[in-house]
Amino acid sequence: MKQAKNILFNLILTLSTFSSSLLLGQAVEEDIFDLSLEELMNMEVSVGSANKLTLKETPGIVTVISKKEIKNSGARDMIDILRLVPGFEFSGEIENTIGLGVRGNHAMEGKALILIDGQQINEIGYGTVMFGNRFMVDNIQKIEVIRGPGSAIYGGLAELAVINIITNSGKDINGGYASASYGSSNGTTSRMTAQFGVGTITESGMELSLTGGVISANRSNEEIYYPTNTLDAENGAPATFNYADSSKIKSYDLNLGLKYKGLSIKAIYQDYGIQENTNNSDWVIEGGIYLGAEYDWQISEKLTLTPEISWKKEHPWSYRGNISDDNYNYYVANTYRTKGNLTGLWKATDKFHLTFGGEITADKAKKPSGAEPFINGSSEVSYSNVAGFSELLIKSSVANIIIGARFDHHSKFGSAFVPRFAITKSWDKFHVKGLLSRAFKAPVIYNFEADPNINAEYTNVTEIEAGYLFNNAVSLTGNLFYIKIEDPILYFYDPVTESDNYLNFNSASTIGVEMDFRINKDWGYLNSTYSYYQNNNTDAAPYEVDDNDKLLRGFPAHKFTLAGGINLTDQFTVAPTLIFNSEKEGYFAQGEYWSGEGFYTYDSNTILNLALHYDVAKQLELSLIGYDLFNDSYVTANAYDAWYAGTPTMGREFVLKAIYSFNK
């Protein structure tokens, strides 16, 4: 087994070394494997800018992941998908939740924006998004990712990254489909899922769609030993958690969409719950109701106005079931956000485009009767924000020049100004980008509850990208990045006062490289990526590692991935996925007044998945997927001071899946 792991690791290292010092900027549409790489690189995207530009020209490091790529990989959830993106990894959180990290930086609490069809999924109590068996992957049409700052466009929750999950529309479905899967690990049931979608296009051109699903799965099948654990033993005695019988996850999802001419309407319902393995409650929950509508109003050939309104009600890191008194007093609020936005695009000439607009946001949190009030003495608290933004695109024979900025004024923390500047140039086979951006993380409701005087954190990012298309079948792209976060907002727990706290620390910084080598042939495809970050004089104690000044807590410095799809016949596809992480450091503290505190080193880790897909008939596909075949038991390490010695994920698992679809 060890020899097989070494062979596979050497293969991915060889491919990644061949693509040394360059990065990913790949685009993939639904029919990615029917297009040449040149066509893919020249496809237009809009996630990085209000103007639609090709991937080679857009002012950001952008990845687009297609439906077919998701399906071929056998991904169970967004963790499986996003771990293949350079610079993205996951860390453990309290309550055995899992959050996203970007380029070595902990990004779970409001530093990476997650959207579904443009609707913001980050809850506004803490800014978090919990991952793991949550998002219905069979209902996803594609995923657009900005691997870098997006605040100049999206505001104060898009400091380090933006992920827009685009679900199947009525046009995409044009009929219906249903999928079901069953998983087994260590001889027991590990997951059962069911997902569906129906959609149509009427004679008048209206698109209607309804997608949804349910997931019942375990977080892990592992047993974790805690040297000291006051969560279960008041005297700090050792304890063992068996995640196989105490880490159930249940997720429910409905997504209703309507598109007609320039009008688009969305209604989303999510209910996501994680079984608690302490005595604080039965379930930790997130999710809510998300409503949004926008209209593209074509004033003239040169001017378009897009008004947008959205509303949501959420459970921000809340609890359900047998809730302890402390949790009921503090963690049971509902939050609400109402947002109005107007964006204008003026195409003065083919070479001169101006985007402009404004945004008004109203936030509110409300606790039930009997719960401890907010710091204002009331059961309700509210804040507001007003923003204006603009972006100028100048196309010339020398290069594209993009100059943009956003100004926010918040009723509590004050003002924030974030400019960005980009130069992009594309030749026949070669392209380069130079990007300078400032971004910010806006404090949210529970940040103010912990520290009413907390400030926004700011990030300066420099990125350089270069890419070369050798021919229609082979491409190589890569980038370098520098990130400097000023006044980072960090969570920590005070064992003396037994209270949650947020403070602005001094700084956090990383530098690194990301790269991608891609082959797309008639027989299938092969992607090899490499990403590396290094701590760059971070001065924020909860992120630092005492005996390794090159790392930050929670995230490995090196990551290699290899993902492929081999078409053995027209009906049978074999798709291997390999992910290698170098060692990483976590931190946990247990026992009275953190007497058991210490760092924990997680060894390097290799995960091998293998998906086998067979088209039984035109409308029916069966898949058998094996995950973590080496049984290397990937564990997410904590990225800051926390109680837990890491959160394990599922070990070796086998899943049988069936998808049935029909057209009108």
# chains A, B, ... in the order shown; residues from 1 in each chain; ligands from 1
>>> residues_around(residues="segment 555-563 of chain A", least_positions_apart="6", cutoff="8 Å", atoms="only C-alpha atoms", output="count of residues only")
35
>>> residues_around(residues="Glu308 of chain A", least_positions_apart="3", cutoff="9 Å", atoms="only C-alpha atoms", output="MDAnalysis selection string")
chainID A and resid 292:295 339:343
>>> closest_residue(among="A:Ile265, A:Met650, A:Leu503, A:Ile607", to="Glu223 of chain A", atoms="only C-alpha atoms")
A:Met650
>>> closest_atom_pairs(of="segment 282-323 of chain A", to="segment 351-361 of chain A", cutoff="10 Å", atoms="only C-alpha atoms", output="CSV")
residue,atom,partner,partner_atom,distance
A:Lys302,CA,A:His353,CA,9.2
A:Leu303,CA,A:Leu354,CA,9.6
A:Thr304,CA,A:Thr355,CA,9.6
A:Leu305,CA,A:Gly357,CA,9.0
A:Thr306,CA,A:Gly357,CA,9.2
A:Pro307,CA,A:Gly357,CA,9.5
A:Glu308,CA,A:Glu359,CA,9.3
A:Ile309,CA,A:Glu359,CA,9.7
A:Ser310,CA,A:Thr361,CA,9.5
A:Trp311,CA,A:Thr361,CA,9.8
>>> closest_residue(among="A:Ser204, A:Asn631, A:Gln619, A:Asn605", to="Ser661 of chain A", atoms="only C-alpha atoms")
A:Gln619
>>> atom_distance(atom1="atom CA of Ala75 of chain A", atom2="atom CA of Val655 of chain A")
10.6 Å
>>> atom_distance(atom1="atom CA of Glu222 of chain A", atom2="atom CA of Phe599 of chain A")
20.6 Å
>>> residues_around(residues="segment 388-394 of chain A", least_positions_apart="6", cutoff="12 Å", atoms="only C-alpha atoms", output="PyMOL selection string")
chain A and resi 48-53+57-59+151-155+340-361+400-409+415-425
>>> closest_atom_pairs(of="segment 160-197 of chain A", to="segment 240-251 of chain A", cutoff="12 Å", atoms="only C-alpha atoms", output="tab-separated table")
residue	atom	partner	partner_atom	distance
A:Ser184	CA	A:Ala244	CA	11.4
A:Ser185	CA	A:Ala244	CA	9.3
A:Asn186	CA	A:Ala244	CA	9.3
A:Gly187	CA	A:Ala244	CA	11.1
A:Thr188	CA	A:Ala244	CA	8.8
A:Thr189	CA	A:Ala244	CA	9.6
A:Ser190	CA	A:Ala244	CA	8.3
A:Arg191	CA	A:Ile249	CA	9.2
A:Met192	CA	A:Lys250	CA	10.0
A:Thr193	CA	A:Ser251	CA	9.4
A:Ala194	CA	A:Ser251	CA	10.7
A:Gln195	CA	A:Ser251	CA	11.2
>>> residues_around(residues="segment 325-335 of chain A", least_positions_apart="4", cutoff="8 Å", atoms="only C-alpha atoms", output="PDB file with N, CA, C and O atoms, in the first residue's frame")
ATOM      1  N   GLU A 123     -24.423  33.386   6.912  1.00  0.00           N
ATOM      2  CA  GLU A 123     -25.319  33.975   7.901  1.00  0.00           C
ATOM      3  C   GLU A 123     -24.665  35.233   8.469  1.00  0.00           C
ATOM      4  O   GLU A 123     -23.437  35.372   8.456  1.00  0.00           O
ATOM      5  N   ILE A 124     -25.474  36.179   8.942  1.00  0.00           N
ATOM      6  CA  ILE A 124     -24.950  37.496   9.330  1.00  0.00           C
ATOM      7  C   ILE A 124     -24.763  37.647  10.833  1.00  0.00           C
ATOM      8  O   ILE A 124     -24.439  38.733  11.301  1.00  0.00           O
ATOM      9  N   GLY A 125     -24.968  36.545  11.600  1.00  0.00           N
ATOM     10  CA  GLY A 125     -24.633  36.613  13.016  1.00  0.00           C
ATOM     11  C   GLY A 125     -23.134  36.558  13.225  1.00  0.00           C
ATOM     12  O   GLY A 125     -22.554  37.365  13.954  1.00  0.00           O
ATOM     13  N   ASN A 280     -24.519  20.177  25.197  1.00  0.00           N
ATOM     14  CA  ASN A 280     -25.037  21.538  25.026  1.00  0.00           C
ATOM     15  C   ASN A 280     -26.390  21.563  24.331  1.00  0.00           C
ATOM     16  O   ASN A 280     -27.205  22.448  24.556  1.00  0.00           O
ATOM     17  N   SER A 281     -26.625  20.624  23.412  1.00  0.00           N
ATOM     18  CA  SER A 281     -27.892  20.565  22.687  1.00  0.00           C
ATOM     19  C   SER A 281     -27.898  19.291  21.854  1.00  0.00           C
ATOM     20  O   SER A 281     -26.936  18.525  21.838  1.00  0.00           O
ATOM     21  N   LYS A 313     -34.056  35.221   6.057  1.00  0.00           N
ATOM     22  CA  LYS A 313     -34.190  34.940   7.485  1.00  0.00           C
ATOM     23  C   LYS A 313     -33.383  33.687   7.765  1.00  0.00           C
ATOM     24  O   LYS A 313     -33.553  32.673   7.088  1.00  0.00           O
ATOM     25  N   GLU A 314     -32.516  33.736   8.800  1.00  0.00           N
ATOM     26  CA  GLU A 314     -31.571  32.639   9.026  1.00  0.00           C
ATOM     27  C   GLU A 314     -31.461  32.259  10.495  1.00  0.00           C
ATOM     28  O   GLU A 314     -31.871  33.016  11.385  1.00  0.00           O
ATOM     29  N   HIS A 315     -30.840  31.089  10.701  1.00  0.00           N
ATOM     30  CA  HIS A 315     -30.413  30.647  12.033  1.00  0.00           C
ATOM     31  C   HIS A 315     -28.895  30.791  12.077  1.00  0.00           C
ATOM     32  O   HIS A 315     -28.183  29.971  11.512  1.00  0.00           O
ATOM     33  N   PRO A 316     -28.371  31.803  12.756  1.00  0.00           N
ATOM     34  CA  PRO A 316     -26.908  32.014  12.731  1.00  0.00           C
ATOM     35  C   PRO A 316     -26.195  31.180  13.784  1.00  0.00           C
ATOM     36  O   PRO A 316     -26.049  31.596  14.926  1.00  0.00           O
ATOM     37  N   TRP A 317     -25.734  29.995  13.371  1.00  0.00           N
ATOM     38  CA  TRP A 317     -25.040  29.118  14.313  1.00  0.00           C
ATOM     39  C   TRP A 317     -25.935  28.902  15.544  1.00  0.00           C
ATOM     40  O   TRP A 317     -25.601  29.253  16.671  1.00  0.00           O
ATOM     41  N   SER A 318     -27.088  28.330  15.312  1.00  0.00           N
ATOM     42  CA  SER A 318     -28.076  28.181  16.367  1.00  0.00           C
ATOM     43  C   SER A 318     -28.168  26.722  16.793  1.00  0.00           C
ATOM     44  O   SER A 318     -27.401  25.883  16.344  1.00  0.00           O
ATOM     45  N   TYR A 319     -29.143  26.441  17.676  1.00  0.00           N
ATOM     46  CA  TYR A 319     -29.253  25.114  18.260  1.00  0.00           C
ATOM     47  C   TYR A 319     -30.701  24.647  18.246  1.00  0.00           C
ATOM     48  O   TYR A 319     -31.638  25.437  18.226  1.00  0.00           O
ATOM     49  N   ASP A 363     -29.860  45.089   8.537  1.00  0.00           N
ATOM     50  CA  ASP A 363     -29.691  43.836   9.265  1.00  0.00           C
ATOM     51  C   ASP A 363     -30.405  43.911  10.606  1.00  0.00           C
ATOM     52  O   ASP A 363     -30.407  44.961  11.270  1.00  0.00           O
ATOM     53  N   LYS A 364     -30.963  42.782  11.016  1.00  0.00           N
ATOM     54  CA  LYS A 364     -31.640  42.714  12.312  1.00  0.00           C
ATOM     55  C   LYS A 364     -31.462  41.323  12.904  1.00  0.00           C
ATOM     56  O   LYS A 364     -31.445  40.333  12.180  1.00  0.00           O
ATOM     57  N   ALA A 365     -31.341  41.260  14.226  1.00  0.00           N
ATOM     58  CA  ALA A 365     -31.320  39.989  14.953  1.00  0.00           C
ATOM     59  C   ALA A 365     -32.346  40.048  16.068  1.00  0.00           C
ATOM     60  O   ALA A 365     -32.541  41.094  16.701  1.00  0.00           O
ATOM     61  N   LYS A 366     -33.003  38.917  16.311  1.00  0.00           N
ATOM     62  CA  LYS A 366     -34.070  38.880  17.313  1.00  0.00           C
ATOM     63  C   LYS A 366     -33.984  37.582  18.093  1.00  0.00           C
ATOM     64  O   LYS A 366     -33.903  36.507  17.514  1.00  0.00           O
ATOM     65  N   LYS A 367     -34.019  37.701  19.433  1.00  0.00           N
ATOM     66  CA  LYS A 367     -33.996  36.534  20.307  1.00  0.00           C
ATOM     67  C   LYS A 367     -35.402  36.229  20.821  1.00  0.00           C
ATOM     68  O   LYS A 367     -36.238  37.127  20.952  1.00  0.00           O
ATOM     69  N   PRO A 368     -35.664  34.945  21.142  1.00  0.00           N
ATOM     70  CA  PRO A 368     -36.991  34.592  21.662  1.00  0.00           C
ATOM     71  C   PRO A 368     -37.179  35.084  23.094  1.00  0.00           C
ATOM     72  O   PRO A 368     -36.222  35.443  23.789  1.00  0.00           O
ATOM     73  N   GLY A 370     -37.448  35.255  26.891  1.00  0.00           N
ATOM     74  CA  GLY A 370     -36.779  34.525  27.957  1.00  0.00           C
ATOM     75  C   GLY A 370     -35.293  34.375  27.777  1.00  0.00           C
ATOM     76  O   GLY A 370     -34.589  34.010  28.722  1.00  0.00           O
ATOM     77  N   ALA A 371     -34.773  34.637  26.573  1.00  0.00           N
ATOM     78  CA  ALA A 371     -33.334  34.543  26.336  1.00  0.00           C
ATOM     79  C   ALA A 371     -32.638  35.803  26.824  1.00  0.00           C
ATOM     80  O   ALA A 371     -33.237  36.875  26.949  1.00  0.00           O
ATOM     81  N   GLU A 372     -31.356  35.663  27.115  1.00  0.00           N
ATOM     82  CA  GLU A 372     -30.554  36.810  27.546  1.00  0.00           C
ATOM     83  C   GLU A 372     -30.556  37.887  26.469  1.00  0.00           C
ATOM     84  O   GLU A 372     -30.353  37.588  25.286  1.00  0.00           O
ATOM     85  N   PRO A 373     -30.815  39.157  26.809  1.00  0.00           N
ATOM     86  CA  PRO A 373     -30.887  40.207  25.791  1.00  0.00           C
ATOM     87  C   PRO A 373     -29.525  40.503  25.171  1.00  0.00           C
ATOM     88  O   PRO A 373     -28.484  40.083  25.672  1.00  0.00           O
TER      89      PRO A 373
END
>>> closest_residue(among="A:Lys550, A:Lys412, A:Lys395, A:Lys111", to="Thr459 of chain A", atoms="only C-alpha atoms")
A:Lys111
>>> closest_residue(among="A:Ile143, A:Leu256, A:Ile166, A:Ala617", to="Gly118 of chain A", atoms="only C-alpha atoms")
A:Ile166
>>> closest_residue(among="A:Glu653, A:Asn447, A:Thr636, A:Gly478", to="Asn501 of chain A", atoms="only C-alpha atoms")
A:Asn447
>>> atom_distance(atom1="atom CA of Asp570 of chain A", atom2="atom CA of Gly175 of chain A")
23.7 Å
>>> select_by_dssp(residues="segment 510-627 of chain A", states="helix (DSSP H, G or I)", output="list in words")
Ala541, Pro542, Tyr543, Glu592, Tyr593 and Trp594 of chain A
>>> write_last_selection(atoms="C-alpha atoms", output="PDB file, in the first residue's frame")
ATOM      1  CA  ALA A 541      -1.202  34.905  18.176  1.00  0.00           C
ATOM      2  CA  PRO A 542      -4.341  32.747  17.599  1.00  0.00           C
ATOM      3  CA  TYR A 543      -3.123  32.003  14.024  1.00  0.00           C
ATOM      4  CA  GLU A 592      -9.631  23.692  33.654  1.00  0.00           C
ATOM      5  CA  TYR A 593      -8.266  27.049  32.486  1.00  0.00           C
ATOM      6  CA  TRP A 594      -6.911  25.343  29.360  1.00  0.00           C
TER       7      TRP A 594
END
>>> residues_around(residues="Ala112 of chain A", least_positions_apart="2", cutoff="12 Å", atoms="only C-alpha atoms", output="MDAnalysis selection string")
chainID A and resid 88 99:103 105:110 114:115 120:123 127:130 145:151 154:164 439:442
>>> write_last_selection(atoms="N, CA and C atoms", output="compact mmCIF listing (two decimals), in the first residue's frame")
# COMPACT_ATOMS: atom_id res chain seq x y z
N PHE A 88 -7.38 26.34 -1.83
CA PHE A 88 -8.54 26.11 -0.97
C PHE A 88 -8.32 24.85 -0.14
N GLY A 99 -14.98 24.57 8.17
CA GLY A 99 -15.03 25.82 7.43
C GLY A 99 -13.92 25.93 6.41
N LEU A 100 -14.04 26.91 5.53
CA LEU A 100 -13.12 27.08 4.41
C LEU A 100 -11.89 27.88 4.81
N GLY A 101 -10.73 27.50 4.23
CA GLY A 101 -9.51 28.28 4.32
C GLY A 101 -9.05 28.65 2.92
N VAL A 102 -8.47 29.84 2.78
CA VAL A 102 -8.04 30.34 1.48
C VAL A 102 -6.59 30.80 1.57
N ARG A 103 -5.71 30.12 0.83
CA ARG A 103 -4.31 30.51 0.75
C ARG A 103 -3.66 30.62 2.12
N ASN A 105 -5.17 31.14 5.00
CA ASN A 105 -5.89 32.01 5.92
C ASN A 105 -7.26 31.41 6.27
N HIS A 106 -7.58 31.41 7.55
CA HIS A 106 -8.87 30.94 8.03
C HIS A 106 -9.95 31.89 7.52
N ALA A 107 -10.91 31.37 6.75
CA ALA A 107 -11.86 32.25 6.05
C ALA A 107 -13.30 31.96 6.42
N MET A 108 -13.54 31.09 7.40
CA MET A 108 -14.92 30.66 7.66
C MET A 108 -15.81 31.81 8.11
N GLU A 109 -15.31 32.66 8.99
CA GLU A 109 -16.16 33.67 9.61
C GLU A 109 -16.20 34.96 8.79
N GLY A 110 -16.97 34.93 7.70
CA GLY A 110 -17.25 36.13 6.95
C GLY A 110 -16.13 36.64 6.09
N ILE A 114 -20.16 33.05 0.04
CA ILE A 114 -20.78 31.91 -0.61
C ILE A 114 -22.16 32.33 -1.12
N LEU A 115 -22.38 32.18 -2.42
CA LEU A 115 -23.64 32.54 -3.04
C LEU A 115 -24.27 31.31 -3.68
N GLN A 120 -26.87 35.39 -1.04
CA GLN A 120 -25.83 35.24 -0.04
C GLN A 120 -26.22 34.20 1.01
N ILE A 121 -25.38 33.16 1.15
CA ILE A 121 -25.64 32.08 2.10
C ILE A 121 -24.94 32.32 3.44
N ASN A 122 -23.89 33.12 3.49
CA ASN A 122 -23.26 33.43 4.78
C ASN A 122 -24.30 34.00 5.73
N GLU A 123 -24.42 33.39 6.91
CA GLU A 123 -25.32 33.98 7.90
C GLU A 123 -24.67 35.23 8.47
N GLY A 127 -21.15 35.41 10.20
CA GLY A 127 -20.60 35.40 8.84
C GLY A 127 -20.23 34.03 8.34
N THR A 128 -20.58 32.96 9.06
CA THR A 128 -20.08 31.63 8.75
C THR A 128 -20.90 30.92 7.68
N VAL A 129 -20.27 29.91 7.09
CA VAL A 129 -20.95 28.90 6.28
C VAL A 129 -20.36 27.55 6.69
N MET A 130 -21.19 26.65 7.19
CA MET A 130 -20.74 25.32 7.57
C MET A 130 -20.72 24.42 6.33
N VAL A 145 -15.71 30.64 -9.17
CA VAL A 145 -14.89 30.92 -7.99
C VAL A 145 -13.92 32.05 -8.28
N ILE A 146 -13.91 33.07 -7.44
CA ILE A 146 -12.82 34.06 -7.43
C ILE A 146 -11.86 33.64 -6.34
N ARG A 147 -10.66 33.23 -6.71
CA ARG A 147 -9.64 32.85 -5.73
C ARG A 147 -8.85 34.09 -5.34
N GLY A 148 -9.52 35.01 -4.68
CA GLY A 148 -8.90 36.27 -4.31
C GLY A 148 -9.98 37.24 -3.88
N PRO A 149 -9.61 38.50 -3.62
CA PRO A 149 -10.54 39.47 -3.05
C PRO A 149 -11.67 39.83 -4.00
N GLY A 150 -12.88 40.04 -3.42
CA GLY A 150 -14.02 40.45 -4.22
C GLY A 150 -14.81 41.58 -3.60
N SER A 151 -14.24 42.26 -2.59
CA SER A 151 -14.97 43.30 -1.87
C SER A 151 -15.33 44.50 -2.73
N TYR A 154 -18.51 42.91 -4.23
CA TYR A 154 -19.49 42.23 -3.39
C TYR A 154 -19.53 42.71 -1.95
N GLY A 155 -18.63 43.57 -1.51
CA GLY A 155 -18.72 44.12 -0.17
C GLY A 155 -17.95 43.36 0.88
N GLY A 156 -18.40 43.50 2.15
CA GLY A 156 -17.60 43.15 3.31
C GLY A 156 -17.58 41.70 3.73
N LEU A 157 -18.17 40.78 2.97
CA LEU A 157 -18.03 39.36 3.26
C LEU A 157 -17.24 38.64 2.17
N ALA A 158 -16.61 39.42 1.28
CA ALA A 158 -15.89 38.84 0.13
C ALA A 158 -14.42 39.22 0.17
N GLU A 159 -13.83 39.16 1.36
CA GLU A 159 -12.47 39.63 1.55
C GLU A 159 -11.43 38.75 0.86
N LEU A 160 -11.58 37.43 0.94
CA LEU A 160 -10.54 36.52 0.45
C LEU A 160 -10.98 35.68 -0.75
N ALA A 161 -12.28 35.51 -0.95
CA ALA A 161 -12.75 34.67 -2.05
C ALA A 161 -14.24 34.85 -2.24
N VAL A 162 -14.72 34.48 -3.42
CA VAL A 162 -16.16 34.46 -3.73
C VAL A 162 -16.47 33.14 -4.44
N ILE A 163 -17.51 32.45 -3.97
CA ILE A 163 -17.94 31.19 -4.58
C ILE A 163 -19.41 31.34 -4.93
N ASN A 164 -19.73 31.31 -6.23
CA ASN A 164 -21.12 31.41 -6.68
C ASN A 164 -21.55 30.07 -7.24
N ALA A 439 -9.38 44.90 0.05
CA ALA A 439 -10.66 44.30 0.42
C ALA A 439 -10.87 44.50 1.91
N PHE A 440 -12.07 44.19 2.38
CA PHE A 440 -12.33 44.32 3.81
C PHE A 440 -13.32 43.28 4.28
N LYS A 441 -13.24 42.98 5.58
CA LYS A 441 -14.20 42.12 6.25
C LYS A 441 -14.99 42.99 7.20
N ALA A 442 -16.29 43.14 6.94
CA ALA A 442 -17.14 43.96 7.80
C ALA A 442 -17.51 43.20 9.06
>>> select_by_dssp(residues="segment 164-337 of chain A", states="strand (DSSP E or B)", output="ChimeraX atom specification")
/A:164-167,175-185,188-201,207-218,223-226,239-242,248-260,263-275,283-295,297-298,303-314,318-320,334-337
>>> residues_around(residues="Lys521 of chain A", least_positions_apart="2", cutoff="9 Å", atoms="only C-alpha atoms", output="PDB file with N, CA and C atoms, in the first residue's frame")
ATOM      1  N   PHE A  33     -15.856  18.870 -22.273  1.00  0.00           N
ATOM      2  CA  PHE A  33     -15.058  17.871 -22.958  1.00  0.00           C
ATOM      3  C   PHE A  33     -15.342  17.821 -24.457  1.00  0.00           C
ATOM      4  N   SER A  36     -12.442  22.755 -27.246  1.00  0.00           N
ATOM      5  CA  SER A  36     -10.989  22.824 -27.156  1.00  0.00           C
ATOM      6  C   SER A  36     -10.610  23.725 -25.996  1.00  0.00           C
ATOM      7  N   ASN A 472      -4.593  23.000 -28.710  1.00  0.00           N
ATOM      8  CA  ASN A 472      -5.980  22.872 -28.272  1.00  0.00           C
ATOM      9  C   ASN A 472      -6.182  21.820 -27.190  1.00  0.00           C
ATOM     10  N   ALA A 473      -5.136  21.079 -26.849  1.00  0.00           N
ATOM     11  CA  ALA A 473      -5.285  19.988 -25.883  1.00  0.00           C
ATOM     12  C   ALA A 473      -4.455  20.160 -24.618  1.00  0.00           C
ATOM     13  N   VAL A 474      -3.512  21.098 -24.586  1.00  0.00           N
ATOM     14  CA  VAL A 474      -2.611  21.233 -23.439  1.00  0.00           C
ATOM     15  C   VAL A 474      -2.485  22.702 -23.052  1.00  0.00           C
ATOM     16  N   ILE A 519      -4.663  18.681 -19.528  1.00  0.00           N
ATOM     17  CA  ILE A 519      -4.698  17.957 -20.799  1.00  0.00           C
ATOM     18  C   ILE A 519      -6.149  17.579 -21.090  1.00  0.00           C
ATOM     19  N   TRP A 523      -9.677  10.856 -25.511  1.00  0.00           N
ATOM     20  CA  TRP A 523      -9.818   9.764 -24.552  1.00  0.00           C
ATOM     21  C   TRP A 523     -10.257  10.226 -23.168  1.00  0.00           C
ATOM     22  N   GLY A 524     -10.220  11.550 -22.916  1.00  0.00           N
ATOM     23  CA  GLY A 524     -10.612  12.067 -21.613  1.00  0.00           C
ATOM     24  C   GLY A 524      -9.803  13.287 -21.240  1.00  0.00           C
ATOM     25  N   TYR A 525      -9.566  13.473 -19.973  1.00  0.00           N
ATOM     26  CA  TYR A 525      -8.884  14.673 -19.495  1.00  0.00           C
ATOM     27  C   TYR A 525      -8.030  14.354 -18.276  1.00  0.00           C
ATOM     28  N   LEU A 526      -7.098  15.261 -17.978  1.00  0.00           N
ATOM     29  CA  LEU A 526      -6.231  15.147 -16.815  1.00  0.00           C
ATOM     30  C   LEU A 526      -5.888  16.542 -16.329  1.00  0.00           C
TER      31      LEU A 526
END
>>> closest_residue(among="A:Ser382, A:Thr462, A:Asn455, A:Gln571", to="Leu490 of chain A", atoms="only C-alpha atoms")
A:Asn455
>>> decode(residues="segment 193-209 of chain A", atoms="N, CA and C atoms", output="PDB file, in the first residue's frame")
ATOM      1  N   THR A 193     -28.864   9.637   0.283  1.00  0.00           N
ATOM      2  CA  THR A 193     -29.235  10.926  -0.283  1.00  0.00           C
ATOM      3  C   THR A 193     -30.278  10.741  -1.373  1.00  0.00           C
ATOM      4  N   ALA A 194     -31.090  11.764  -1.570  1.00  0.00           N
ATOM      5  CA  ALA A 194     -32.040  11.815  -2.677  1.00  0.00           C
ATOM      6  C   ALA A 194     -32.117  13.259  -3.159  1.00  0.00           C
ATOM      7  N   GLN A 195     -31.971  13.460  -4.460  1.00  0.00           N
ATOM      8  CA  GLN A 195     -32.027  14.795  -5.051  1.00  0.00           C
ATOM      9  C   GLN A 195     -32.890  14.747  -6.310  1.00  0.00           C
ATOM     10  N   PHE A 196     -33.463  15.898  -6.678  1.00  0.00           N
ATOM     11  CA  PHE A 196     -34.356  15.916  -7.827  1.00  0.00           C
ATOM     12  C   PHE A 196     -34.361  17.305  -8.463  1.00  0.00           C
ATOM     13  N   GLY A 197     -34.864  17.354  -9.677  1.00  0.00           N
ATOM     14  CA  GLY A 197     -35.066  18.623 -10.359  1.00  0.00           C
ATOM     15  C   GLY A 197     -36.112  18.482 -11.445  1.00  0.00           C
ATOM     16  N   VAL A 198     -36.993  19.456 -11.563  1.00  0.00           N
ATOM     17  CA  VAL A 198     -37.945  19.534 -12.668  1.00  0.00           C
ATOM     18  C   VAL A 198     -37.879  20.951 -13.220  1.00  0.00           C
ATOM     19  N   GLY A 199     -38.016  21.071 -14.544  1.00  0.00           N
ATOM     20  CA  GLY A 199     -37.935  22.388 -15.155  1.00  0.00           C
ATOM     21  C   GLY A 199     -38.471  22.391 -16.558  1.00  0.00           C
ATOM     22  N   THR A 200     -38.847  23.582 -17.015  1.00  0.00           N
ATOM     23  CA  THR A 200     -39.420  23.690 -18.352  1.00  0.00           C
ATOM     24  C   THR A 200     -39.225  25.101 -18.889  1.00  0.00           C
ATOM     25  N   ILE A 201     -39.412  25.237 -20.196  1.00  0.00           N
ATOM     26  CA  ILE A 201     -39.466  26.530 -20.873  1.00  0.00           C
ATOM     27  C   ILE A 201     -40.812  26.603 -21.581  1.00  0.00           C
ATOM     28  N   THR A 202     -41.606  27.611 -21.262  1.00  0.00           N
ATOM     29  CA  THR A 202     -42.912  27.743 -21.890  1.00  0.00           C
ATOM     30  C   THR A 202     -42.773  28.333 -23.294  1.00  0.00           C
ATOM     31  N   GLU A 203     -43.850  28.320 -24.047  1.00  0.00           N
ATOM     32  CA  GLU A 203     -43.829  28.864 -25.400  1.00  0.00           C
ATOM     33  C   GLU A 203     -43.511  30.354 -25.402  1.00  0.00           C
ATOM     34  N   SER A 204     -43.836  31.043 -24.323  1.00  0.00           N
ATOM     35  CA  SER A 204     -43.552  32.482 -24.232  1.00  0.00           C
ATOM     36  C   SER A 204     -42.112  32.774 -23.835  1.00  0.00           C
ATOM     37  N   GLY A 205     -41.327  31.714 -23.523  1.00  0.00           N
ATOM     38  CA  GLY A 205     -39.930  31.900 -23.149  1.00  0.00           C
ATOM     39  C   GLY A 205     -39.678  31.934 -21.655  1.00  0.00           C
ATOM     40  N   MET A 206     -40.701  31.703 -20.839  1.00  0.00           N
ATOM     41  CA  MET A 206     -40.513  31.695 -19.381  1.00  0.00           C
ATOM     42  C   MET A 206     -39.847  30.384 -18.952  1.00  0.00           C
ATOM     43  N   GLU A 207     -38.833  30.498 -18.091  1.00  0.00           N
ATOM     44  CA  GLU A 207     -38.170  29.333 -17.522  1.00  0.00           C
ATOM     45  C   GLU A 207     -38.636  29.126 -16.083  1.00  0.00           C
ATOM     46  N   LEU A 208     -39.026  27.902 -15.760  1.00  0.00           N
ATOM     47  CA  LEU A 208     -39.427  27.535 -14.409  1.00  0.00           C
ATOM     48  C   LEU A 208     -38.606  26.336 -13.960  1.00  0.00           C
ATOM     49  N   SER A 209     -38.175  26.350 -12.716  1.00  0.00           N
ATOM     50  CA  SER A 209     -37.397  25.216 -12.200  1.00  0.00           C
ATOM     51  C   SER A 209     -37.660  25.029 -10.718  1.00  0.00           C
TER      52      SER A 209
END
